[in-house]
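Next comes protein_31.txt, with compact mmCIF, C-alpha atoms and all ligand atoms.
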# COMPACT_ATOMS: atom_id res chain seq x y z
CA MET A 16 58.23 -13.26 43.51
CA ALA A 17 58.23 -14.06 39.81
CA GLN A 18 60.58 -16.73 38.55
CA LEU A 19 62.31 -15.39 35.48
CA ARG A 20 62.90 -18.19 33.01
CA ILE A 21 63.73 -15.79 30.20
CA PRO A 22 66.94 -15.42 28.19
CA GLY A 23 68.01 -12.28 30.03
CA PRO A 24 67.81 -10.49 32.29
CA THR A 25 68.40 -13.54 34.44
CA PRO A 26 67.78 -13.87 38.20
CA CYS A 27 70.57 -12.58 40.44
CA PRO A 28 71.79 -14.34 43.60
CA PRO A 29 71.02 -12.42 46.82
CA GLU A 30 74.76 -11.85 47.50
CA ILE A 31 75.01 -10.00 44.21
CA LEU A 32 71.94 -7.86 44.84
CA LYS A 33 73.29 -7.04 48.29
CA ALA A 34 76.66 -5.99 46.86
CA MET A 35 74.84 -3.55 44.61
CA ALA A 36 73.19 -1.78 47.52
CA ARG A 37 76.60 -0.32 48.44
CA GLN A 38 77.22 3.42 48.45
CA MET A 39 78.94 4.96 45.41
CA ILE A 40 82.70 5.46 45.30
CA ASN A 41 84.91 7.77 43.25
CA HIS A 42 85.45 6.12 39.89
CA ARG A 43 88.76 8.00 39.58
CA GLY A 44 90.01 6.81 42.98
CA ALA A 45 92.29 4.02 44.22
CA GLU A 46 89.47 1.79 45.44
CA TYR A 47 87.83 1.71 42.02
CA HIS A 48 91.19 1.12 40.30
CA GLU A 49 91.74 -1.96 42.39
CA MET A 50 88.21 -3.25 41.83
CA ILE A 51 88.16 -2.84 38.03
CA ASN A 52 91.61 -4.40 37.69
CA ASP A 53 90.55 -7.36 39.80
CA VAL A 54 87.26 -7.90 37.93
CA THR A 55 88.97 -7.57 34.54
CA ALA A 56 91.68 -10.11 35.43
CA LYS A 57 89.12 -12.60 36.72
CA MET A 58 86.87 -12.10 33.71
CA LYS A 59 89.76 -12.96 31.39
CA GLN A 60 89.82 -16.40 33.02
CA VAL A 61 86.20 -16.92 31.99
CA PHE A 62 86.94 -15.70 28.46
CA GLN A 63 89.98 -18.04 28.54
CA THR A 64 92.02 -15.22 27.05
CA LYS A 65 95.17 -13.18 27.49
CA ASN A 66 93.73 -10.53 25.16
CA ASP A 67 92.73 -7.09 26.37
CA LEU A 68 89.27 -7.00 27.92
CA TYR A 69 87.03 -4.03 28.62
CA LEU A 70 83.83 -3.45 30.56
CA LEU A 71 81.78 -0.91 28.64
CA THR A 72 78.73 0.73 30.18
CA GLY A 73 75.80 -0.15 27.95
CA SER A 74 73.82 -3.22 26.93
CA GLY A 75 75.06 -6.08 24.77
CA THR A 76 73.98 -4.32 21.58
CA GLY A 77 76.32 -1.47 22.50
CA GLY A 78 79.13 -4.03 22.57
CA LEU A 79 78.17 -5.20 19.06
CA GLU A 80 78.18 -1.61 17.83
CA ALA A 81 81.57 -1.10 19.52
CA ALA A 82 83.01 -4.05 17.59
CA VAL A 83 81.75 -2.58 14.30
CA VAL A 84 82.96 1.01 14.82
CA ASN A 85 86.37 -0.01 16.14
CA MET A 86 87.15 -2.65 13.50
CA LEU A 87 85.70 -1.37 10.23
CA SER A 88 85.76 1.47 7.74
CA PRO A 89 82.82 2.58 5.60
CA LYS A 90 82.59 0.36 2.48
CA ASP A 91 84.52 -2.47 4.14
CA LYS A 92 83.05 -5.78 3.09
CA VAL A 93 81.97 -8.07 5.92
CA LEU A 94 80.43 -11.52 5.93
CA SER A 95 77.41 -11.84 8.21
CA VAL A 96 76.84 -15.42 9.30
CA SER A 97 73.29 -15.29 10.62
CA ILE A 98 71.03 -17.98 12.03
CA GLY A 99 68.41 -15.72 13.58
CA VAL A 100 67.25 -12.35 14.87
CA PHE A 101 70.46 -11.40 16.68
CA GLY A 102 72.68 -12.37 13.75
CA ASP A 103 70.51 -10.16 11.54
CA ARG A 104 70.68 -7.31 14.06
CA TRP A 105 74.46 -7.29 13.95
CA ALA A 106 74.42 -7.18 10.14
CA THR A 107 72.05 -4.20 10.39
CA ILE A 108 74.45 -2.41 12.74
CA ALA A 109 77.33 -2.95 10.29
CA LYS A 110 75.16 -1.72 7.40
CA THR A 111 74.10 1.33 9.41
CA PHE A 112 77.74 2.39 9.72
CA GLY A 113 78.37 1.97 6.00
CA ALA A 114 79.86 -1.51 5.77
CA GLU A 115 79.00 -3.61 2.76
CA VAL A 116 77.36 -6.71 4.18
CA VAL A 117 77.46 -10.07 2.40
CA ASN A 118 74.80 -12.31 3.89
CA CYS A 119 75.39 -15.93 4.72
CA LYS A 120 72.04 -16.93 6.21
CA PHE A 121 70.88 -20.26 7.49
CA GLU A 122 67.36 -21.48 8.15
CA TRP A 123 66.13 -20.48 11.61
CA GLY A 124 66.41 -23.42 14.00
CA THR A 125 69.57 -24.70 12.33
CA ALA A 126 73.24 -23.92 12.91
CA ALA A 127 75.66 -22.38 10.42
CA ASP A 128 77.47 -24.93 8.27
CA PRO A 129 81.24 -24.22 8.45
CA ALA A 130 81.69 -25.58 4.89
CA VAL A 131 79.18 -23.03 3.56
CA VAL A 132 80.94 -20.26 5.51
CA LYS A 133 84.23 -21.40 4.01
CA LYS A 134 82.77 -21.22 0.49
CA ALA A 135 81.27 -17.77 1.15
CA ILE A 136 84.69 -16.47 2.20
CA LYS A 137 86.27 -18.08 -0.87
CA ASP A 138 83.66 -16.43 -3.12
CA ASN A 139 84.31 -13.06 -1.46
CA PRO A 140 88.07 -12.92 -0.98
CA ASP A 141 87.97 -9.17 -0.30
CA ILE A 142 85.94 -9.43 2.91
CA LYS A 143 87.65 -7.98 5.96
CA ALA A 144 85.73 -9.55 8.82
CA VAL A 145 83.20 -12.24 9.66
CA LEU A 146 80.36 -11.54 12.09
CA VAL A 147 79.07 -14.61 13.86
CA THR A 148 76.71 -15.33 16.75
CA HIS A 149 77.92 -18.07 19.07
CA ASN A 150 74.55 -18.74 20.67
CA GLU A 151 71.46 -17.49 18.79
CA THR A 152 69.01 -16.57 21.55
CA SER A 153 66.06 -16.15 19.18
CA THR A 154 66.12 -19.79 18.02
CA GLY A 155 67.91 -21.65 20.83
CA VAL A 156 70.78 -22.78 18.61
CA THR A 157 74.50 -22.85 19.44
CA ASN A 158 76.82 -22.61 16.46
CA ASP A 159 79.90 -24.82 16.19
CA LEU A 160 82.09 -21.77 16.72
CA GLY A 161 85.31 -23.78 16.94
CA ALA A 162 84.79 -25.11 13.39
CA ILE A 163 83.66 -21.72 12.04
CA ALA A 164 86.63 -19.99 13.68
CA LYS A 165 88.95 -22.45 11.99
CA VAL A 166 87.76 -21.59 8.47
CA VAL A 167 87.72 -17.85 9.22
CA LYS A 168 91.23 -17.79 10.65
CA GLU A 169 92.62 -20.08 7.94
CA ALA A 170 91.38 -17.47 5.46
CA GLY A 171 93.10 -14.75 7.49
CA LYS A 172 89.92 -12.80 8.24
CA LEU A 173 88.95 -10.99 11.42
CA LEU A 174 86.55 -12.99 13.56
CA LEU A 175 83.98 -10.92 15.48
CA VAL A 176 81.78 -12.93 17.83
CA ASP A 177 78.46 -12.17 19.54
CA ALA A 178 78.79 -14.36 22.64
CA ILE A 179 76.25 -12.35 24.59
CA SER A 180 74.15 -15.34 25.63
CA SER A 181 76.94 -17.93 25.80
CA MET A 182 80.06 -16.51 27.43
CA SER A 183 80.21 -17.71 31.09
CA SER A 184 77.68 -20.50 30.36
CA ILE A 185 79.02 -22.38 27.32
CA ASP A 186 82.70 -23.17 26.67
CA LEU A 187 84.27 -20.52 24.44
CA PRO A 188 88.07 -20.61 24.56
CA VAL A 189 88.76 -17.22 22.93
CA ASP A 190 92.51 -17.63 22.43
CA LYS A 191 92.43 -21.27 21.39
CA TRP A 192 89.88 -20.49 18.66
CA GLY A 193 91.50 -17.20 17.66
CA CYS A 194 88.45 -14.98 18.17
CA ASP A 195 89.41 -11.35 17.59
CA VAL A 196 86.59 -9.44 19.23
CA VAL A 197 84.16 -11.23 21.53
CA VAL A 198 81.15 -9.46 23.01
CA THR A 199 78.98 -10.44 25.98
CA GLY A 200 76.55 -8.71 28.36
CA SER A 201 76.14 -8.57 32.11
CA GLN A 202 72.49 -9.66 32.27
CA LYS A 203 72.84 -13.08 30.65
CA GLY A 204 74.80 -15.98 32.18
CA TRP A 205 76.81 -13.73 34.48
CA MET A 206 73.98 -13.47 37.06
CA VAL A 207 74.38 -9.67 37.11
CA PRO A 208 71.74 -7.03 36.22
CA PRO A 209 71.76 -5.28 32.82
CA GLY A 210 74.20 -2.40 32.45
CA MET A 211 77.50 -3.49 30.99
CA ALA A 212 78.87 -5.09 27.84
CA MET A 213 82.23 -6.84 27.99
CA VAL A 214 84.54 -7.16 25.00
CA SER A 215 87.87 -8.88 24.39
CA VAL A 216 90.23 -7.46 21.77
CA SER A 217 93.03 -9.52 20.17
CA ALA A 218 96.39 -8.28 18.86
CA GLU A 219 95.07 -8.71 15.31
CA ALA A 220 91.99 -6.70 16.23
CA TRP A 221 94.24 -3.88 17.45
CA LYS A 222 95.86 -3.81 14.00
CA ALA A 223 92.43 -3.50 12.42
CA PHE A 224 91.61 -0.79 14.95
CA GLU A 225 94.52 1.30 13.65
CA GLN A 226 93.04 1.16 10.12
CA ALA A 227 89.35 1.53 10.98
CA LYS A 228 87.76 4.78 9.84
CA ILE A 229 84.17 4.62 11.06
CA PRO A 230 83.69 7.59 13.43
CA ARG A 231 83.68 6.56 17.08
CA PHE A 232 83.69 8.28 20.40
CA TYR A 233 81.81 6.65 23.28
CA TRP A 234 82.82 3.14 22.23
CA ASP A 235 86.43 3.95 21.28
CA PHE A 236 88.59 0.94 22.25
CA GLY A 237 91.66 3.20 22.19
CA LYS A 238 90.19 5.35 24.96
CA ALA A 239 89.12 2.23 26.89
CA LYS A 240 92.71 0.97 26.65
CA SER A 241 94.48 4.15 27.73
CA TYR A 242 92.11 4.66 30.68
CA LEU A 243 92.29 1.07 31.86
CA GLU A 244 96.06 1.43 32.02
CA LYS A 245 95.39 3.70 35.01
CA GLY A 246 92.57 1.53 36.37
CA GLU A 247 89.81 3.70 34.98
CA ASN A 248 87.16 3.88 32.29
CA PRO A 249 86.90 6.84 29.92
CA TRP A 250 83.34 7.66 31.05
CA THR A 251 81.49 7.20 34.31
CA PRO A 252 81.05 3.42 34.56
CA ALA A 253 78.00 1.60 35.96
CA ILE A 254 79.75 1.31 39.34
CA SER A 255 77.00 -0.83 40.91
CA ILE A 256 77.39 -3.36 38.11
CA VAL A 257 81.12 -3.53 38.86
CA TYR A 258 80.24 -4.19 42.53
CA ALA A 259 78.01 -7.01 41.31
CA PHE A 260 80.79 -8.43 39.13
CA SER A 261 83.21 -8.44 42.07
CA VAL A 262 80.94 -11.00 43.71
CA ALA A 263 79.83 -12.83 40.54
CA MET A 264 83.38 -13.44 39.32
CA ASP A 265 84.34 -15.03 42.63
CA MET A 266 81.23 -17.25 42.55
CA ILE A 267 81.93 -18.40 38.98
CA LEU A 268 85.66 -19.01 39.52
CA LYS A 269 85.05 -20.77 42.82
CA GLU A 270 82.71 -23.21 41.11
CA GLY A 271 85.22 -23.51 38.26
CA ILE A 272 84.35 -22.57 34.69
CA GLN A 273 84.32 -26.15 33.42
CA SER A 274 81.86 -27.06 36.20
CA VAL A 275 79.72 -24.06 35.29
CA PHE A 276 79.64 -25.20 31.63
CA ALA A 277 78.82 -28.78 32.68
CA ARG A 278 76.01 -27.52 34.91
CA HIS A 279 74.51 -25.59 32.01
CA ALA A 280 74.78 -28.65 29.76
CA HIS A 281 72.97 -30.72 32.37
CA ILE A 282 70.21 -28.14 32.91
CA GLY A 283 69.82 -27.72 29.14
CA GLN A 284 69.46 -31.47 28.60
CA MET A 285 67.04 -31.75 31.48
CA THR A 286 64.90 -28.99 29.98
CA ARG A 287 64.83 -30.56 26.51
CA ASP A 288 64.04 -34.01 27.90
CA GLY A 289 61.22 -32.55 29.98
CA ILE A 290 59.75 -30.64 27.03
CA LYS A 291 59.77 -33.79 24.88
CA ALA A 292 58.13 -35.75 27.70
CA LEU A 293 55.31 -33.18 27.70
CA GLY A 294 54.73 -33.99 24.02
CA LEU A 295 55.94 -30.62 22.79
CA PRO A 296 58.29 -30.18 19.82
CA LEU A 297 61.76 -28.68 20.16
CA PHE A 298 62.44 -25.97 17.58
CA ALA A 299 66.22 -26.22 17.30
CA GLU A 300 67.97 -29.08 15.50
CA ALA A 301 68.95 -31.54 18.24
CA LYS A 302 72.66 -31.57 17.43
CA HIS A 303 73.01 -27.83 18.00
CA ALA A 304 70.44 -27.22 20.76
CA SER A 305 71.52 -24.45 23.11
CA ASN A 306 72.30 -25.05 26.75
CA THR A 307 71.23 -21.52 27.73
CA VAL A 308 67.88 -21.15 25.96
CA THR A 309 65.35 -23.71 24.75
CA ALA A 310 62.94 -22.85 21.96
CA VAL A 311 59.71 -24.84 22.07
CA GLY A 312 57.41 -25.20 19.06
CA ILE A 313 53.76 -24.28 19.58
CA PRO A 314 51.66 -27.17 18.29
CA VAL A 315 48.27 -26.70 16.59
CA GLY A 316 45.58 -26.12 19.20
CA LEU A 317 47.83 -24.60 21.84
CA ASP A 318 47.26 -20.90 22.46
CA GLY A 319 50.84 -19.86 23.21
CA LYS A 320 50.00 -16.43 24.52
CA LYS A 321 47.30 -17.69 26.87
CA PHE A 322 49.64 -20.47 28.01
CA ARG A 323 52.37 -18.01 28.97
CA GLN A 324 49.86 -15.73 30.68
CA LEU A 325 48.53 -18.63 32.78
CA LEU A 326 52.05 -19.75 33.72
CA GLN A 327 52.70 -16.28 35.03
CA SER A 328 49.38 -15.64 36.79
CA GLU A 329 49.03 -19.10 38.36
CA TYR A 330 52.66 -20.05 39.02
CA GLY A 331 54.59 -16.80 38.83
CA ILE A 332 56.81 -18.26 36.11
CA VAL A 333 57.78 -16.04 33.19
CA ILE A 334 58.82 -17.40 29.80
CA VAL A 335 58.84 -15.50 26.49
CA GLY A 336 57.49 -15.96 22.98
CA GLY A 337 59.22 -15.85 19.62
CA GLN A 338 60.60 -12.75 17.91
CA GLN A 339 59.71 -11.41 14.47
CA THR A 340 58.44 -14.24 12.20
CA LEU A 341 58.71 -16.68 15.11
CA ASP A 342 56.05 -14.75 17.05
CA GLY A 343 53.23 -17.22 17.74
CA LYS A 344 55.34 -20.13 16.48
CA ILE A 345 57.68 -20.74 19.40
CA MET A 346 58.13 -19.93 23.05
CA ARG A 347 61.51 -19.66 24.71
CA ILE A 348 62.77 -20.77 28.09
CA GLY A 349 65.93 -19.17 29.45
CA HIS A 350 68.14 -21.33 31.64
CA MET A 351 71.43 -19.49 31.96
CA GLY A 352 73.13 -18.36 35.14
CA LEU A 353 71.37 -19.05 38.41
CA VAL A 354 69.02 -21.92 37.47
CA SER A 355 68.70 -25.11 39.50
CA GLU A 356 67.31 -28.57 38.77
CA LYS A 357 64.42 -27.68 41.05
CA ASP A 358 63.68 -24.54 39.01
CA ILE A 359 63.37 -26.66 35.86
CA LYS A 360 61.29 -29.33 37.63
CA ASP A 361 58.94 -26.61 38.91
CA LEU A 362 58.68 -25.11 35.43
CA LEU A 363 57.93 -28.46 33.80
CA ALA A 364 55.30 -29.33 36.42
CA ALA A 365 53.64 -25.94 35.94
CA MET A 366 53.72 -26.40 32.16
CA LYS A 367 52.18 -29.86 32.43
CA ALA A 368 49.30 -28.56 34.54
CA THR A 369 48.77 -25.50 32.33
CA LEU A 370 48.96 -27.04 28.84
CA PRO A 371 45.39 -28.48 28.82
CA LYS A 372 44.01 -25.12 30.04
CA ALA A 373 45.48 -23.44 26.95
CA GLY A 374 44.03 -25.86 24.42
CA PHE A 375 46.77 -28.50 24.19
CA LYS A 376 45.28 -31.90 23.49
CA GLY A 377 48.57 -33.82 23.76
C1 LIG A 401 70.47 -10.48 24.51
C2 LIG A 401 71.24 -10.60 23.24
C3 LIG A 401 71.60 -9.48 22.48
C4 LIG A 401 71.17 -8.09 22.84
O1 LIG A 401 71.69 -7.69 24.04
P1 LIG A 401 71.10 -6.38 24.77
O2 LIG A 401 71.82 -6.44 26.08
O3 LIG A 401 69.62 -6.58 24.88
O4 LIG A 401 71.46 -5.21 23.97
C5 LIG A 401 72.35 -9.68 21.34
N1 LIG A 401 72.74 -10.90 20.95
C6 LIG A 401 72.39 -12.00 21.64
C7 LIG A 401 72.84 -13.34 21.15
C8 LIG A 401 71.63 -11.89 22.80
O5 LIG A 401 71.27 -12.97 23.49
So, in terms of structure tokens, how does the structure I just supplied come out?
Ligand SMILES: *Cc1c(COP(=O)(O)O)cnc(C)c1O
Amino acid sequence: MAQLRIPGPTPCPPEILKAMARQMINHRGAEYHEMINDVTAKMKQVFQTKNDLYLLTGSGTGGLEAAVVNMLSPKDKVLSVSIGVFGDRWATIAKTFGAEVVNCKFEWGTAADPAVVKKAIKDNPDIKAVLVTHNETSTGVTNDLGAIAKVVKEAGKLLLVDAISSMSSIDLPVDKWGCDVVVTGSQKGWMVPPGMAMVSVSAEAWKAFEQAKIPRFYWDFGKAKSYLEKGENPWTPAISIVYAFSVAMDMILKEGIQSVFARHAHIGQMTRDGIKALGLPLFAEAKHASNTVTAVGIPVGLDGKKFRQLLQSEYGIVIVGGQQTLDGKIMRIGHMGLVSEKDIKDLLAAMKATLPKAGFKG
């Protein structure tokens, strides 16, 4: 069986896979009502929020689109704080629906500087919302979201957060930081297969919702709200994913969210230390290195593609390369969700044995 060390989908514990083998139930019946209410309440503990929270059937990108269509009107000005591929994708979504996007881009491998974000908001006082990625999966960088949130909320702007690859793995206290819409996805740190996006919606976000004019139907937060009041979703939900969440939420809360975050920090540090010990460069600036995904530079001489192929064929370990302009320049190791010390030790040992076979001279 392949060992998936990629930044989503992540491996699922056997209990979760077993839960998903269950027969379907009526998604308009009492049993489903109870299950979705229970999962939603438990998920709010992980989001550290009292805000409304919805499970939307779709992938994480659907959740990002939902945030755009429910919060904005065509021609609304938004600030896109981007440090990589996923930050850029969200800006593209906003542009696609007619928003006027002001770019605040930072060099890939670095984090966003809150002082620069503050200045960008000051220079564009008419912006309505700020789009920010908590953990940029394409570069292995975690933004200082607490500091960014502070400057955004001090300026009275809406804060929309892509936390797809951080929520449930890295501390993100939604209410404490004042995040208005926060998006995540089932297949990242939640240990659940792909199929659902989860979004939290603040009171301020609901006010923006009332004003927002971009056409919406499938992703309409208003419909999600009125249906959840009766323990339902507007459309047929991915019921098997909700089964999976019933088990996953109990596992995460039993361990305790602070322990889960600490475990990810430990595994992240162990991965970075191991990569450095192999003589390979880390792509992300050390201060902001992600605890869910590590980006590794490909040094001269190393054939990155051949290296990854050998890891898979000889050890059954799957890692991924870089996206867009980072193709051929980095490789990425996912370590969110169900990843043990042994998994990382096995990966590092396999890398050590494979590096010379792919041209690495050390
Ligand atoms: C994975 C990911 C996405 C895209 O999610 P999909 O589920 O593939 O649509 C967006 N943003 C970040 C930060 C991600 O890690």
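One finds CA of Gly200 (chain A) at 6.3 Å from CA of Ser74 (chain A).
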What are the nearest atom pairs, with distances in Å to one decimal, for all residues of chain A that come at most 8 Å from ligand LIG 401 (chain A), using all atoms listed in the file, set out by chain and rising residue number as a tab-separated table?
residue	atom	partner	partner_atom	distance
A:Pro22	CA	A:LIG401	O5	6.8
A:Gly23	CA	A:LIG401	C1	6.3
A:Gly73	CA	A:LIG401	O2	7.7
A:Ser74	CA	A:LIG401	O2	3.9
A:Gly75	CA	A:LIG401	O2	3.5
A:Thr76	CA	A:LIG401	O4	3.6
A:Gly77	CA	A:LIG401	O4	6.3
A:Gly78	CA	A:LIG401	O4	7.9
A:Leu79	CA	A:LIG401	C5	7.7
A:Phe101	CA	A:LIG401	N1	4.9
A:Gly102	CA	A:LIG401	N1	7.3
A:Arg104	CA	A:LIG401	C5	7.8
A:Thr148	CA	A:LIG401	C7	6.2
A:His149	CA	A:LIG401	C7	7.2
A:Asn150	CA	A:LIG401	C7	5.7
A:Glu151	CA	A:LIG401	C7	5.0
A:Thr152	CA	A:LIG401	O5	4.7
A:Ser153	CA	A:LIG401	O5	7.5
A:Asp177	CA	A:LIG401	C7	6.0
A:Ala178	CA	A:LIG401	C7	6.2
A:Ile179	CA	A:LIG401	C6	4.9
A:Ser180	CA	A:LIG401	O5	4.3
A:Ser181	CA	A:LIG401	C7	7.7
A:Gly200	CA	A:LIG401	O2	5.7
A:Ser201	CA	A:LIG401	O2	7.7
A:Gln202	CA	A:LIG401	O2	7.0
A:Lys203	CA	A:LIG401	C1	7.1
A:Pro209	CA	A:LIG401	O2	6.8
A:Gly210	CA	A:LIG401	O2	7.9
A:Ala212	CA	A:LIG401	O2	7.4
Counting only C-alpha atoms, which residues have an atom no more than 12 Å from (86.5, -21.5, 18.1) in the file's coordinates? Please list them as a PyMOL selection string.
chain A and resi 62-63+129+147-149+158-169+174-176+178+185-195+197
Pick out the residues sitting within 10 Å of region 287-294 of chain A, and hand them over as an NGL selection string; count only C-alpha atoms, and ignore anything fewer than 6 positions along from it in its own chain.
:A and (301 or 304-306 or 308-312 or 314 or 359-360 or 362-364 or 366-367 or 370 or 375-377)
Those residues with C-alpha atoms, as a compact mmCIF listing (two decimals), in the coordinates of the input please?
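For reference, out_35.txt as written:
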# COMPACT_ATOMS: atom_id res chain seq x y z
CA ALA A 301 68.95 -31.54 18.24
CA ALA A 304 70.44 -27.22 20.76
CA SER A 305 71.52 -24.45 23.11
CA ASN A 306 72.30 -25.05 26.75
CA VAL A 308 67.88 -21.15 25.96
CA THR A 309 65.35 -23.71 24.75
CA ALA A 310 62.94 -22.85 21.96
CA VAL A 311 59.71 -24.84 22.07
CA GLY A 312 57.41 -25.20 19.06
CA PRO A 314 51.66 -27.17 18.29
CA ILE A 359 63.37 -26.66 35.86
CA LYS A 360 61.29 -29.33 37.63
CA LEU A 362 58.68 -25.11 35.43
CA LEU A 363 57.93 -28.46 33.80
CA ALA A 364 55.30 -29.33 36.42
CA MET A 366 53.72 -26.40 32.16
CA LYS A 367 52.18 -29.86 32.43
CA LEU A 370 48.96 -27.04 28.84
CA PHE A 375 46.77 -28.50 24.19
CA LYS A 376 45.28 -31.90 23.49
CA GLY A 377 48.57 -33.82 23.76
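The gap separating CA of Val216 (chain A) from CA of Lys65 (chain A) is 9.5 Å, in Å to one decimal.
Nearest residue to Ala81 (chain A) among A:Ser215, A:Ser261, A:Ser184, A:Gln38 is A:Ser215, counting only C-alpha atoms.
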Need to verify the contact set: Glu247 (chain A), 10 Å, all atoms listed in the file, exclusion of same-chain residues closer than 6 positions in sequence. Can you return it as a ChimeraX atom specification?
/A:42-45,47-52,239-241
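The residue that comes closest to Lys57 (chain A), out of A:Gly343, A:Gly271, A:Pro29, A:Pro230 and on the basis of only C-alpha atoms, is A:Gly271.
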So how far away is CA of Ala218 (chain A) from CA of Asn66 (chain A), in Å?
7.2 Å
Could you give me the axis-aligned bounding box of region 183-196 of chain A, with 4 Å of padding per side, as centre plus edge lengths in Å to one decimal, as AutoDock Vina command-line options?
--center_x 85.1 --center_y -16.3 --center_z 24.3 --size_x 22.8 --size_y 21.7 --size_z 21.5
Up to 12 Å from (46.0, -25.7, 28.1) in the file's coordinates: name the residues, counting all atoms listed in the file, as a PDB file with C-alpha atoms, in the coordinates of the input.
ATOM      1  CA  LEU A 293      55.310 -33.180  27.700  1.00  0.00           C
ATOM      2  CA  ILE A 313      53.760 -24.280  19.580  1.00  0.00           C
ATOM      3  CA  PRO A 314      51.660 -27.170  18.290  1.00  0.00           C
ATOM      4  CA  VAL A 315      48.270 -26.700  16.590  1.00  0.00           C
ATOM      5  CA  GLY A 316      45.580 -26.120  19.200  1.00  0.00           C
ATOM      6  CA  LEU A 317      47.830 -24.600  21.840  1.00  0.00           C
ATOM      7  CA  ASP A 318      47.260 -20.900  22.460  1.00  0.00           C
ATOM      8  CA  GLY A 319      50.840 -19.860  23.210  1.00  0.00           C
ATOM      9  CA  LYS A 320      50.000 -16.430  24.520  1.00  0.00           C
ATOM     10  CA  LYS A 321      47.300 -17.690  26.870  1.00  0.00           C
ATOM     11  CA  PHE A 322      49.640 -20.470  28.010  1.00  0.00           C
ATOM     12  CA  ARG A 323      52.370 -18.010  28.970  1.00  0.00           C
ATOM     13  CA  GLN A 324      49.860 -15.730  30.680  1.00  0.00           C
ATOM     14  CA  LEU A 325      48.530 -18.630  32.780  1.00  0.00           C
ATOM     15  CA  LEU A 326      52.050 -19.750  33.720  1.00  0.00           C
ATOM     16  CA  ALA A 365      53.640 -25.940  35.940  1.00  0.00           C
ATOM     17  CA  MET A 366      53.720 -26.400  32.160  1.00  0.00           C
ATOM     18  CA  LYS A 367      52.180 -29.860  32.430  1.00  0.00           C
ATOM     19  CA  ALA A 368      49.300 -28.560  34.540  1.00  0.00           C
ATOM     20  CA  THR A 369      48.770 -25.500  32.330  1.00  0.00           C
ATOM     21  CA  LEU A 370      48.960 -27.040  28.840  1.00  0.00           C
ATOM     22  CA  PRO A 371      45.390 -28.480  28.820  1.00  0.00           C
ATOM     23  CA  LYS A 372      44.010 -25.120  30.040  1.00  0.00           C
ATOM     24  CA  ALA A 373      45.480 -23.440  26.950  1.00  0.00           C
ATOM     25  CA  GLY A 374      44.030 -25.860  24.420  1.00  0.00           C
ATOM     26  CA  PHE A 375      46.770 -28.500  24.190  1.00  0.00           C
ATOM     27  CA  LYS A 376      45.280 -31.900  23.490  1.00  0.00           C
ATOM     28  CA  GLY A 377      48.570 -33.820  23.760  1.00  0.00           C
TER      29      GLY A 377
END
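Distances from A:Leu295, A:Val100, A:Leu68, A:Ala126 to Gly337 (chain A) were compared using all atoms listed in the file, and the smallest one belongs to A:Val100.
Here the question is which of A:Ile282, A:Val84, A:Met266, A:Ile256 gets nearest to Met39 (chain A) using only C-alpha atoms, and that residue is A:Ile256.
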Counting only C-alpha atoms, figure out which residue out of A:Asn41, A:Thr72, A:Thr111, A:Gln18 gets nearest to Met213 (chain A).
A:Thr72
Atoms added to region 145-155 of chain A (N, CA and C atoms), reported as a CSV table (one decimal), in the coordinates of the input:
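And here is the file that came out, rebuild29.csv:
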chain,number,residue,atom,x,y,z
A,145,VAL,N,84.4,-11.4,9.6
A,145,VAL,CA,83.2,-12.2,9.7
A,145,VAL,C,82.5,-12.0,11.0
A,146,LEU,N,81.2,-11.7,10.9
A,146,LEU,CA,80.4,-11.5,12.1
A,146,LEU,C,79.6,-12.8,12.4
A,147,VAL,N,79.8,-13.4,13.6
A,147,VAL,CA,79.1,-14.6,13.9
A,147,VAL,C,78.5,-14.6,15.3
A,148,THR,N,77.4,-15.2,15.4
A,148,THR,CA,76.7,-15.3,16.8
A,148,THR,C,77.1,-16.7,17.3
A,149,HIS,N,77.6,-16.8,18.5
A,149,HIS,CA,77.9,-18.1,19.1
A,149,HIS,C,76.6,-18.8,19.4
A,150,ASN,N,75.8,-18.1,20.2
A,150,ASN,CA,74.6,-18.7,20.7
A,150,ASN,C,73.4,-17.8,20.2
A,151,GLU,N,72.6,-18.3,19.3
A,151,GLU,CA,71.5,-17.5,18.8
A,151,GLU,C,70.2,-17.6,19.7
A,152,THR,N,70.0,-16.6,20.5
A,152,THR,CA,69.0,-16.6,21.6
A,152,THR,C,67.6,-16.6,21.0
A,153,SER,N,67.4,-16.2,19.7
A,153,SER,CA,66.1,-16.2,19.2
A,153,SER,C,65.6,-17.5,18.7
A,154,THR,N,66.5,-18.5,18.5
A,154,THR,CA,66.1,-19.8,18.0
A,154,THR,C,66.6,-20.9,18.9
A,155,GLY,N,67.4,-20.6,19.9
A,155,GLY,CA,67.9,-21.6,20.8
A,155,GLY,C,68.9,-22.6,20.2
